[in-house]
Amino acid sequence: MNNGFRRLTILVAWALFVFFGILVISLFGFVSPSRLVTVATSARVLFSIKLSVGAALLATGLSLVIAVPTAYALSRFEFFGKKAIDLALELPMVVTPIALGALLLIFFNTRLGTLIQQSRLSFVFEFPGIVLAQFVTTVGIATRLLKTTFDGIPPRYEAVACTLGATPAQAFRLVTLPMAVPGILAATVLTFAKCIGEFGATIMLAGSMPMKTETLPISIFMRLSGADVEGMAVLILILLTVGLSSLALVKTMLHTSYD
Amino acid sequence: MIELRAVNAAVGAFRLVDIEVAIGPGECHVIVGPTGSGKTFLLETLIGLRPLLSGRIFIDGHEVTDLPPNRRGISYVPQDTCLFPTMTVRQNIQFGLDLRARSSCQDLAFVGRLVEFLHLASLLDRYPRNLSGGERQRVALARALATKPALLVLDEPFSAIDHSLREDIRRMIKDLLEEFKTTTLIVTHDLDEAFFLGKRISIILGGRIIQAGPREEMYYYPKSLAAAQFLGIRNLFPARVEHLVQHEITISSPDLERTFTIPCRCAHKRFTAGQAVRFGIRSEAVSILRRPADPNEEPTVFEARVRRMFVRGTLHTVIAELATPQRALVEIDLHDAAARKIGLAEGAHLQISLNPRHIFLLAEAG
């Protein structure tokens, strides 16, 4: 390969890395160790971390419970409405999270939505609203990731299992699912990272009430609104640590093929 | 006894048409055909992965047409073996037995016999990713046989194996099937494999079985031009039926400028006097005469000249040009030692003889 071209592409890659590096390093200009400890251990921030992690765990679990069978069906079977479902998965990617949140808010103002709100499980400006907002924005991505995983496992494995006496459900549970574990773990971590960072849909549906619905990203926004740049920088660092460590985990799990 | 009766199935525009296969107990039947002829599709239909448009499938007298794959008693080994990568060799082999509520002592003893026969004892705790192609094939066979299936189905069993190991694995499979008397159906595109393993062979082309029969019959007596061409028979010549007597048929060949009589069972059912036909003979059924014979006395003896020679390892293929006005070409296969003994070289003159017992006739339309 042309040496000059090789150098140019590597230079662009490094420039991108340096750009992001400068952004992160610039945070440290606003963070002193004492301030980091004060903000990170404040009751409000600790609540936000707990709330974010709790909601993200629930939303991730919910996303996977729906995404695994959906992805499997889309990967393995031909059925009526398959293309429509496939298209619907793109909704969170083509509509901004704010619009998705607004969509949820509008739904809870319909007759059916009001009925749900009046039941025991209330979503608007409540914790379940955070989980729902995160679920709606991530379930499509989780399904896409898992479909790719199932696509990478040839159906012949299940066929062999069936000829050995397994029912289709047993073949899925005993053969396909264990083979899909690396992909499922990767989807879990990515979904979790996306949930932790979710802002637009959450603030629209659950609001930004301190010590109630204030997640980490919302807390960052609130600190910025209150001109507390130091506090905001600390929260961004916390969010970066959680997000990047999740993604680093994903990198070690991807690229597993059995074909 | 495994029977496929008038099976029709379709995937996209491709169709399996009126498939008839009968496999006797303990028999090894090979379906051979080129890529895209419908071999794997036929297997998937037999296993129950594809629905039938019409037709019926019987295993040991019981109809299994509408049964799901897990209740048919057919074990399947795909061409890439599909060993379960998250399980050890032991877990793979016992997968079918573990699904059962309980495995009897006989079942476990049978698995032990399989493990011993296939030399798998030292591999039991390994994972498939640490096995060679041959080892994978042996594990896949043990896994498939562990449940004592009514039918073992192998899809291109040697395609993923290095050429150097193929002969060993072929012999091992032949020995295994004979030892355990397993009724087996193999699909392959490889004629060598088909004739090595199959007691009976079916040729599939374009979703139709164009000929089925015992190995020797299939080898020397294709019943259609398509079958002859698929079997790689190049010595095919136009001819005309002159007359038929009992189990003999006399034909004349304008290319060879000869009239000769050949044995032909059921000649009256297949041919009529005056009918345009083709006659053919396998290249290894053509012999080079070392003692001169009189072509006028022997109608299947011809004067010829070596036009071209190809050497493939120990096998020589000679293209001989007959000393007839049409200069018809006849292909002859012979071994290296025989070729050396005769001192064959391009341009050499020789006499060749077509063995009348191995000449076959094809209806021209076939």
# chains A, B, ... in the order shown; residues from 1 in each chain; ligands from 1
>>> select_by_dssp(residues="region 26-131 of chain A", states="alpha helix (DSSP H)", output="JSON, numbers by chain")
{"A": [26, 27, 33, 34, 35, 36, 37, 38, 39, 40, 43, 44, 45, 46, 47, 48, 49, 50, 51, 52, 53, 54, 55, 56, 57, 58, 59, 60, 61, 62, 63, 64, 65, 66, 67, 68, 69, 70, 71, 72, 73, 74, 75, 76, 82, 83, 84, 85, 86, 87, 88, 91, 92, 93, 94, 97, 98, 99, 100, 101, 102, 103, 104, 105, 106, 107, 111, 112, 113, 114, 115, 116, 117, 118, 127, 128, 129, 130, 131]}
>>> write_last_selection(atoms="C-alpha atoms", output="short mmCIF file (atom, residue, chain, number, x, y, z; two decimals), in the first residue's frame")
data_model
loop_
_atom_site.label_atom_id
_atom_site.label_comp_id
_atom_site.auth_asym_id
_atom_site.auth_seq_id
_atom_site.Cartn_x
_atom_site.Cartn_y
_atom_site.Cartn_z
CA SER A 26 -10.40 19.98 29.41
CA LEU A 27 -12.75 18.70 32.14
CA PRO A 33 -9.63 16.48 43.83
CA SER A 34 -11.43 17.95 46.84
CA ARG A 35 -14.35 19.12 44.67
CA LEU A 36 -14.48 15.71 42.98
CA VAL A 37 -14.87 13.97 46.33
CA THR A 38 -17.39 16.52 47.61
CA VAL A 39 -19.63 16.33 44.56
CA ALA A 40 -19.30 12.58 44.02
CA ALA A 43 -26.46 12.82 48.70
CA ARG A 44 -28.02 14.27 45.53
CA VAL A 45 -25.30 12.86 43.24
CA LEU A 46 -25.25 9.50 44.98
CA PHE A 47 -29.02 9.35 44.54
CA SER A 48 -28.64 10.22 40.84
CA ILE A 49 -26.04 7.47 40.39
CA LYS A 50 -28.21 4.92 42.18
CA LEU A 51 -31.27 6.03 40.23
CA SER A 52 -29.44 5.91 36.90
CA VAL A 53 -27.88 2.50 37.52
CA GLY A 54 -31.12 1.04 38.92
CA ALA A 55 -33.27 2.33 36.08
CA ALA A 56 -30.66 1.32 33.49
CA LEU A 57 -30.47 -2.21 34.92
CA LEU A 58 -34.26 -2.57 34.83
CA ALA A 59 -34.57 -1.05 31.35
CA THR A 60 -31.72 -3.26 30.07
CA GLY A 61 -33.35 -6.38 31.51
CA LEU A 62 -36.71 -5.41 30.00
CA SER A 63 -35.10 -4.65 26.64
CA LEU A 64 -33.39 -8.04 26.56
CA VAL A 65 -36.52 -9.94 27.58
CA ILE A 66 -38.27 -8.44 24.55
CA ALA A 67 -35.25 -8.29 22.23
CA VAL A 68 -34.15 -11.95 22.51
CA PRO A 69 -37.37 -13.56 21.18
CA THR A 70 -37.95 -10.69 18.71
CA ALA A 71 -34.43 -10.97 17.30
CA TYR A 72 -34.71 -14.76 17.11
CA ALA A 73 -38.02 -14.57 15.23
CA LEU A 74 -36.64 -11.96 12.82
CA SER A 75 -33.50 -14.03 12.27
CA ARG A 76 -35.06 -17.45 11.82
CA LYS A 82 -41.76 -9.08 9.48
CA LYS A 83 -40.70 -6.08 7.39
CA ALA A 84 -42.96 -3.71 9.34
CA ILE A 85 -41.50 -4.92 12.66
CA ASP A 86 -38.00 -4.59 11.24
CA LEU A 87 -38.78 -1.00 10.23
CA ALA A 88 -40.31 -0.17 13.63
CA LEU A 91 -37.87 4.28 15.21
CA PRO A 92 -35.58 5.16 18.16
CA MET A 93 -32.74 5.73 15.69
CA VAL A 94 -34.57 8.02 13.26
CA PRO A 97 -35.01 10.92 22.02
CA ILE A 98 -36.82 14.21 22.87
CA ALA A 99 -39.45 13.40 20.25
CA LEU A 100 -39.74 9.85 21.57
CA GLY A 101 -40.28 11.23 25.07
CA ALA A 102 -42.88 13.62 23.73
CA LEU A 103 -44.55 10.69 21.97
CA LEU A 104 -44.75 8.82 25.28
CA LEU A 105 -46.09 11.91 27.05
CA ILE A 106 -48.78 12.33 24.38
CA PHE A 107 -49.69 8.66 24.73
CA ARG A 111 -57.77 7.74 27.13
CA LEU A 112 -55.76 4.47 27.33
CA GLY A 113 -52.73 6.32 28.72
CA THR A 114 -54.81 8.04 31.38
CA LEU A 115 -56.27 4.68 32.36
CA ILE A 116 -52.75 3.29 32.79
CA GLN A 117 -51.70 6.38 34.76
CA GLN A 118 -54.65 5.90 37.11
CA PHE A 127 -39.41 6.24 38.36
CA PRO A 128 -41.22 3.79 36.03
CA GLY A 129 -41.24 6.65 33.49
CA ILE A 130 -37.40 6.67 33.51
CA VAL A 131 -37.31 2.92 32.91
#
>>> interface_residues(of="chain A", to="chain B", cutoff="10 Å", atoms="only C-alpha atoms", output="PyMOL selection string")
chain A and resi 154-168+170+174-181+258-259
>>> write_last_selection(atoms="N, CA and C atoms", output="compact mmCIF listing (two decimals), in the first residue's frame")
# COMPACT_ATOMS: atom_id res chain seq x y z
N PRO A 154 -25.57 -20.57 12.41
CA PRO A 154 -26.33 -21.26 11.36
C PRO A 154 -27.47 -22.11 11.94
N PRO A 155 -28.65 -22.06 11.32
CA PRO A 155 -29.79 -22.84 11.82
C PRO A 155 -29.53 -24.35 11.79
N ARG A 156 -28.49 -24.77 11.08
CA ARG A 156 -28.18 -26.22 11.02
C ARG A 156 -27.91 -26.79 12.41
N TYR A 157 -27.35 -25.95 13.31
CA TYR A 157 -27.09 -26.44 14.66
C TYR A 157 -28.39 -26.89 15.33
N GLU A 158 -29.44 -26.07 15.14
CA GLU A 158 -30.73 -26.42 15.73
C GLU A 158 -31.31 -27.65 15.03
N ALA A 159 -31.11 -27.72 13.71
CA ALA A 159 -31.61 -28.87 12.95
C ALA A 159 -30.98 -30.15 13.48
N VAL A 160 -29.67 -30.10 13.72
CA VAL A 160 -28.98 -31.28 14.24
C VAL A 160 -29.54 -31.64 15.62
N ALA A 161 -29.70 -30.63 16.47
CA ALA A 161 -30.22 -30.88 17.82
C ALA A 161 -31.61 -31.52 17.75
N CYS A 162 -32.44 -31.04 16.82
CA CYS A 162 -33.79 -31.60 16.68
C CYS A 162 -33.74 -33.06 16.23
N THR A 163 -32.83 -33.37 15.29
CA THR A 163 -32.77 -34.76 14.85
C THR A 163 -32.25 -35.68 15.97
N LEU A 164 -31.59 -35.09 16.96
CA LEU A 164 -31.12 -35.90 18.09
C LEU A 164 -32.19 -36.02 19.18
N GLY A 165 -33.36 -35.43 18.92
CA GLY A 165 -34.48 -35.59 19.84
C GLY A 165 -34.93 -34.33 20.54
N ALA A 166 -34.29 -33.19 20.28
CA ALA A 166 -34.66 -31.95 20.98
C ALA A 166 -35.89 -31.31 20.33
N THR A 167 -36.75 -30.73 21.15
CA THR A 167 -37.84 -29.92 20.60
C THR A 167 -37.22 -28.60 20.15
N PRO A 168 -37.94 -27.79 19.33
CA PRO A 168 -37.36 -26.51 18.94
C PRO A 168 -36.99 -25.63 20.14
N GLN A 170 -36.09 -26.72 23.14
CA GLN A 170 -34.88 -27.29 23.76
C GLN A 170 -33.64 -26.97 22.92
N LEU A 174 -30.70 -25.14 24.68
CA LEU A 174 -29.48 -25.91 24.96
C LEU A 174 -28.35 -25.64 23.97
N VAL A 175 -28.72 -25.22 22.75
CA VAL A 175 -27.68 -25.06 21.72
C VAL A 175 -27.49 -23.60 21.31
N THR A 176 -28.58 -22.97 20.84
CA THR A 176 -28.46 -21.63 20.28
C THR A 176 -28.12 -20.59 21.35
N LEU A 177 -28.85 -20.65 22.45
CA LEU A 177 -28.67 -19.64 23.50
C LEU A 177 -27.23 -19.64 24.05
N PRO A 178 -26.68 -20.82 24.40
CA PRO A 178 -25.28 -20.80 24.87
C PRO A 178 -24.32 -20.25 23.81
N MET A 179 -24.61 -20.55 22.54
CA MET A 179 -23.74 -20.03 21.48
C MET A 179 -23.88 -18.52 21.34
N ALA A 180 -25.05 -18.01 21.74
CA ALA A 180 -25.32 -16.57 21.59
C ALA A 180 -24.85 -15.76 22.79
N VAL A 181 -24.33 -16.44 23.81
CA VAL A 181 -23.97 -15.73 25.06
C VAL A 181 -23.04 -14.53 24.83
N TYR A 258 -19.31 -18.85 14.92
CA TYR A 258 -19.26 -20.31 14.98
C TYR A 258 -19.37 -20.92 13.61
N ASP A 259 -19.53 -20.15 12.55
CA ASP A 259 -19.75 -20.73 11.23
C ASP A 259 -18.41 -21.04 10.57
>>> closest_residue(among="B:His316, B:Arg215, B:Arg282, B:Arg270", to="Ile233 (chain B)", atoms="only C-alpha atoms")
B:Arg282
>>> residues_around(residues="Pro356 (chain B)", least_positions_apart="2", cutoff="12 Å", atoms="only C-alpha atoms", output="list in words")
Tyr220, Glu248, Ile249, Thr250, Ile251, Thr259, Phe260, Thr261, Ile262, Pro263, Cys264, Phe279, Gly280, Ile281, Arg282, Ala285, Val286, Ser287, Glu298, Pro299, Thr300, Val301, Ser353, Leu354, His358, Ile359, Phe360 and Leu361 of chain B
>>> closest_residue(among="B:Leu256, B:Val245, B:Val311, B:Ala363", to="Pro222 (chain B)", atoms="only C-alpha atoms")
B:Ala363
>>> atom_distance(atom1="CA of Phe77 (chain A)", atom2="CA of Val64 (chain B)")
23.3 Å
>>> decode(residues="region 51-195 of chain A", atoms="C-alpha atoms", output="PDB file, in the first residue's frame")
ATOM      1  CA  LEU A  51     -31.270   6.028  40.228  1.00  0.00           C
ATOM      2  CA  SER A  52     -29.441   5.908  36.896  1.00  0.00           C
ATOM      3  CA  VAL A  53     -27.877   2.496  37.517  1.00  0.00           C
ATOM      4  CA  GLY A  54     -31.120   1.043  38.923  1.00  0.00           C
ATOM      5  CA  ALA A  55     -33.265   2.332  36.080  1.00  0.00           C
ATOM      6  CA  ALA A  56     -30.664   1.320  33.492  1.00  0.00           C
ATOM      7  CA  LEU A  57     -30.473  -2.213  34.918  1.00  0.00           C
ATOM      8  CA  LEU A  58     -34.257  -2.570  34.833  1.00  0.00           C
ATOM      9  CA  ALA A  59     -34.566  -1.054  31.348  1.00  0.00           C
ATOM     10  CA  THR A  60     -31.721  -3.256  30.067  1.00  0.00           C
ATOM     11  CA  GLY A  61     -33.353  -6.375  31.508  1.00  0.00           C
ATOM     12  CA  LEU A  62     -36.708  -5.410  30.003  1.00  0.00           C
ATOM     13  CA  SER A  63     -35.100  -4.648  26.642  1.00  0.00           C
ATOM     14  CA  LEU A  64     -33.390  -8.035  26.556  1.00  0.00           C
ATOM     15  CA  VAL A  65     -36.519  -9.937  27.585  1.00  0.00           C
ATOM     16  CA  ILE A  66     -38.271  -8.440  24.550  1.00  0.00           C
ATOM     17  CA  ALA A  67     -35.250  -8.287  22.229  1.00  0.00           C
ATOM     18  CA  VAL A  68     -34.153 -11.954  22.507  1.00  0.00           C
ATOM     19  CA  PRO A  69     -37.373 -13.557  21.182  1.00  0.00           C
ATOM     20  CA  THR A  70     -37.954 -10.692  18.710  1.00  0.00           C
ATOM     21  CA  ALA A  71     -34.435 -10.970  17.300  1.00  0.00           C
ATOM     22  CA  TYR A  72     -34.707 -14.765  17.112  1.00  0.00           C
ATOM     23  CA  ALA A  73     -38.021 -14.572  15.231  1.00  0.00           C
ATOM     24  CA  LEU A  74     -36.640 -11.962  12.819  1.00  0.00           C
ATOM     25  CA  SER A  75     -33.495 -14.025  12.265  1.00  0.00           C
ATOM     26  CA  ARG A  76     -35.058 -17.448  11.823  1.00  0.00           C
ATOM     27  CA  PHE A  77     -38.616 -17.198  10.506  1.00  0.00           C
ATOM     28  CA  GLU A  78     -40.560 -15.703   7.627  1.00  0.00           C
ATOM     29  CA  PHE A  79     -43.892 -14.333   8.832  1.00  0.00           C
ATOM     30  CA  PHE A  80     -46.550 -11.742   8.137  1.00  0.00           C
ATOM     31  CA  GLY A  81     -45.472  -8.221   9.183  1.00  0.00           C
ATOM     32  CA  LYS A  82     -41.761  -9.076   9.480  1.00  0.00           C
ATOM     33  CA  LYS A  83     -40.696  -6.083   7.390  1.00  0.00           C
ATOM     34  CA  ALA A  84     -42.963  -3.713   9.342  1.00  0.00           C
ATOM     35  CA  ILE A  85     -41.505  -4.922  12.656  1.00  0.00           C
ATOM     36  CA  ASP A  86     -38.004  -4.593  11.245  1.00  0.00           C
ATOM     37  CA  LEU A  87     -38.779  -1.000  10.233  1.00  0.00           C
ATOM     38  CA  ALA A  88     -40.310  -0.175  13.626  1.00  0.00           C
ATOM     39  CA  LEU A  89     -37.004  -1.112  15.276  1.00  0.00           C
ATOM     40  CA  GLU A  90     -35.431   1.863  13.533  1.00  0.00           C
ATOM     41  CA  LEU A  91     -37.870   4.277  15.210  1.00  0.00           C
ATOM     42  CA  PRO A  92     -35.583   5.164  18.155  1.00  0.00           C
ATOM     43  CA  MET A  93     -32.739   5.735  15.686  1.00  0.00           C
ATOM     44  CA  VAL A  94     -34.571   8.018  13.261  1.00  0.00           C
ATOM     45  CA  VAL A  95     -36.635   9.933  15.841  1.00  0.00           C
ATOM     46  CA  THR A  96     -34.709  12.050  18.388  1.00  0.00           C
ATOM     47  CA  PRO A  97     -35.007  10.916  22.025  1.00  0.00           C
ATOM     48  CA  ILE A  98     -36.818  14.205  22.868  1.00  0.00           C
ATOM     49  CA  ALA A  99     -39.453  13.402  20.252  1.00  0.00           C
ATOM     50  CA  LEU A 100     -39.739   9.849  21.570  1.00  0.00           C
ATOM     51  CA  GLY A 101     -40.276  11.225  25.074  1.00  0.00           C
ATOM     52  CA  ALA A 102     -42.882  13.622  23.734  1.00  0.00           C
ATOM     53  CA  LEU A 103     -44.549  10.694  21.972  1.00  0.00           C
ATOM     54  CA  LEU A 104     -44.754   8.817  25.279  1.00  0.00           C
ATOM     55  CA  LEU A 105     -46.085  11.914  27.052  1.00  0.00           C
ATOM     56  CA  ILE A 106     -48.775  12.332  24.382  1.00  0.00           C
ATOM     57  CA  PHE A 107     -49.694   8.659  24.727  1.00  0.00           C
ATOM     58  CA  PHE A 108     -50.228   9.059  28.483  1.00  0.00           C
ATOM     59  CA  ASN A 109     -52.633  11.886  27.716  1.00  0.00           C
ATOM     60  CA  THR A 110     -54.838   9.615  25.590  1.00  0.00           C
ATOM     61  CA  ARG A 111     -57.771   7.741  27.132  1.00  0.00           C
ATOM     62  CA  LEU A 112     -55.757   4.469  27.330  1.00  0.00           C
ATOM     63  CA  GLY A 113     -52.730   6.316  28.718  1.00  0.00           C
ATOM     64  CA  THR A 114     -54.814   8.040  31.383  1.00  0.00           C
ATOM     65  CA  LEU A 115     -56.269   4.683  32.363  1.00  0.00           C
ATOM     66  CA  ILE A 116     -52.755   3.290  32.795  1.00  0.00           C
ATOM     67  CA  GLN A 117     -51.700   6.379  34.764  1.00  0.00           C
ATOM     68  CA  GLN A 118     -54.653   5.902  37.113  1.00  0.00           C
ATOM     69  CA  SER A 119     -53.625   2.295  37.787  1.00  0.00           C
ATOM     70  CA  ARG A 120     -51.016   1.332  40.372  1.00  0.00           C
ATOM     71  CA  LEU A 121     -48.187   1.838  37.880  1.00  0.00           C
ATOM     72  CA  SER A 122     -47.799   5.536  37.124  1.00  0.00           C
ATOM     73  CA  PHE A 123     -45.201   6.621  34.563  1.00  0.00           C
ATOM     74  CA  VAL A 124     -45.344  10.373  34.095  1.00  0.00           C
ATOM     75  CA  PHE A 125     -42.861  12.143  36.432  1.00  0.00           C
ATOM     76  CA  GLU A 126     -42.250   8.842  38.217  1.00  0.00           C
ATOM     77  CA  PHE A 127     -39.413   6.243  38.365  1.00  0.00           C
ATOM     78  CA  PRO A 128     -41.217   3.793  36.027  1.00  0.00           C
ATOM     79  CA  GLY A 129     -41.245   6.652  33.489  1.00  0.00           C
ATOM     80  CA  ILE A 130     -37.402   6.669  33.513  1.00  0.00           C
ATOM     81  CA  VAL A 131     -37.314   2.919  32.914  1.00  0.00           C
ATOM     82  CA  LEU A 132     -39.906   3.183  30.128  1.00  0.00           C
ATOM     83  CA  ALA A 133     -38.068   6.061  28.416  1.00  0.00           C
ATOM     84  CA  GLN A 134     -34.779   4.157  28.537  1.00  0.00           C
ATOM     85  CA  PHE A 135     -36.470   0.947  27.348  1.00  0.00           C
ATOM     86  CA  VAL A 136     -38.089   2.686  24.361  1.00  0.00           C
ATOM     87  CA  THR A 137     -34.808   4.232  23.240  1.00  0.00           C
ATOM     88  CA  THR A 138     -32.757   1.033  23.581  1.00  0.00           C
ATOM     89  CA  VAL A 139     -34.959  -1.950  22.729  1.00  0.00           C
ATOM     90  CA  GLY A 140     -34.485  -1.420  18.970  1.00  0.00           C
ATOM     91  CA  ILE A 141     -30.701  -1.344  19.282  1.00  0.00           C
ATOM     92  CA  ALA A 142     -30.684  -4.431  21.518  1.00  0.00           C
ATOM     93  CA  THR A 143     -32.859  -6.286  19.012  1.00  0.00           C
ATOM     94  CA  ARG A 144     -30.593  -5.284  16.112  1.00  0.00           C
ATOM     95  CA  LEU A 145     -27.486  -6.473  17.973  1.00  0.00           C
ATOM     96  CA  LEU A 146     -29.090  -9.769  18.938  1.00  0.00           C
ATOM     97  CA  LYS A 147     -30.447 -10.372  15.435  1.00  0.00           C
ATOM     98  CA  THR A 148     -26.881 -10.054  14.135  1.00  0.00           C
ATOM     99  CA  THR A 149     -25.817 -12.574  16.773  1.00  0.00           C
ATOM    100  CA  PHE A 150     -28.520 -15.096  15.809  1.00  0.00           C
ATOM    101  CA  ASP A 151     -27.819 -14.526  12.100  1.00  0.00           C
ATOM    102  CA  GLY A 152     -24.238 -15.611  12.826  1.00  0.00           C
ATOM    103  CA  ILE A 153     -25.371 -18.957  14.248  1.00  0.00           C
ATOM    104  CA  PRO A 154     -26.326 -21.264  11.364  1.00  0.00           C
ATOM    105  CA  PRO A 155     -29.789 -22.844  11.824  1.00  0.00           C
ATOM    106  CA  ARG A 156     -28.182 -26.216  11.018  1.00  0.00           C
ATOM    107  CA  TYR A 157     -27.091 -26.441  14.663  1.00  0.00           C
ATOM    108  CA  GLU A 158     -30.731 -26.421  15.729  1.00  0.00           C
ATOM    109  CA  ALA A 159     -31.613 -28.865  12.951  1.00  0.00           C
ATOM    110  CA  VAL A 160     -28.977 -31.284  14.238  1.00  0.00           C
ATOM    111  CA  ALA A 161     -30.220 -30.882  17.819  1.00  0.00           C
ATOM    112  CA  CYS A 162     -33.789 -31.598  16.681  1.00  0.00           C
ATOM    113  CA  THR A 163     -32.768 -34.763  14.848  1.00  0.00           C
ATOM    114  CA  LEU A 164     -31.124 -35.899  18.091  1.00  0.00           C
ATOM    115  CA  GLY A 165     -34.483 -35.593  19.837  1.00  0.00           C
ATOM    116  CA  ALA A 166     -34.664 -31.950  20.985  1.00  0.00           C
ATOM    117  CA  THR A 167     -37.844 -29.925  20.601  1.00  0.00           C
ATOM    118  CA  PRO A 168     -37.358 -26.505  18.936  1.00  0.00           C
ATOM    119  CA  ALA A 169     -37.497 -24.864  22.393  1.00  0.00           C
ATOM    120  CA  GLN A 170     -34.877 -27.292  23.761  1.00  0.00           C
ATOM    121  CA  ALA A 171     -32.672 -26.740  20.703  1.00  0.00           C
ATOM    122  CA  PHE A 172     -32.880 -22.985  21.339  1.00  0.00           C
ATOM    123  CA  ARG A 173     -32.216 -23.274  25.072  1.00  0.00           C
ATOM    124  CA  LEU A 174     -29.480 -25.909  24.960  1.00  0.00           C
ATOM    125  CA  VAL A 175     -27.680 -25.064  21.722  1.00  0.00           C
ATOM    126  CA  THR A 176     -28.457 -21.630  20.277  1.00  0.00           C
ATOM    127  CA  LEU A 177     -28.665 -19.635  23.496  1.00  0.00           C
ATOM    128  CA  PRO A 178     -25.276 -20.799  24.868  1.00  0.00           C
ATOM    129  CA  MET A 179     -23.738 -20.033  21.482  1.00  0.00           C
ATOM    130  CA  ALA A 180     -25.324 -16.573  21.590  1.00  0.00           C
ATOM    131  CA  VAL A 181     -23.971 -15.734  25.059  1.00  0.00           C
ATOM    132  CA  PRO A 182     -21.098 -13.491  23.854  1.00  0.00           C
ATOM    133  CA  GLY A 183     -23.543 -11.558  21.653  1.00  0.00           C
ATOM    134  CA  ILE A 184     -26.121 -11.326  24.429  1.00  0.00           C
ATOM    135  CA  LEU A 185     -23.479 -10.022  26.855  1.00  0.00           C
ATOM    136  CA  ALA A 186     -22.323  -7.460  24.309  1.00  0.00           C
ATOM    137  CA  ALA A 187     -25.934  -6.352  23.708  1.00  0.00           C
ATOM    138  CA  THR A 188     -26.488  -6.152  27.486  1.00  0.00           C
ATOM    139  CA  VAL A 189     -23.482  -3.929  28.078  1.00  0.00           C
ATOM    140  CA  LEU A 190     -24.196  -1.668  25.109  1.00  0.00           C
ATOM    141  CA  THR A 191     -27.858  -1.342  26.083  1.00  0.00           C
ATOM    142  CA  PHE A 192     -26.863  -0.563  29.661  1.00  0.00           C
ATOM    143  CA  ALA A 193     -24.384   2.105  28.522  1.00  0.00           C
ATOM    144  CA  LYS A 194     -27.041   3.659  26.276  1.00  0.00           C
ATOM    145  CA  CYS A 195     -29.595   3.595  29.127  1.00  0.00           C
TER     146      CYS A 195
END
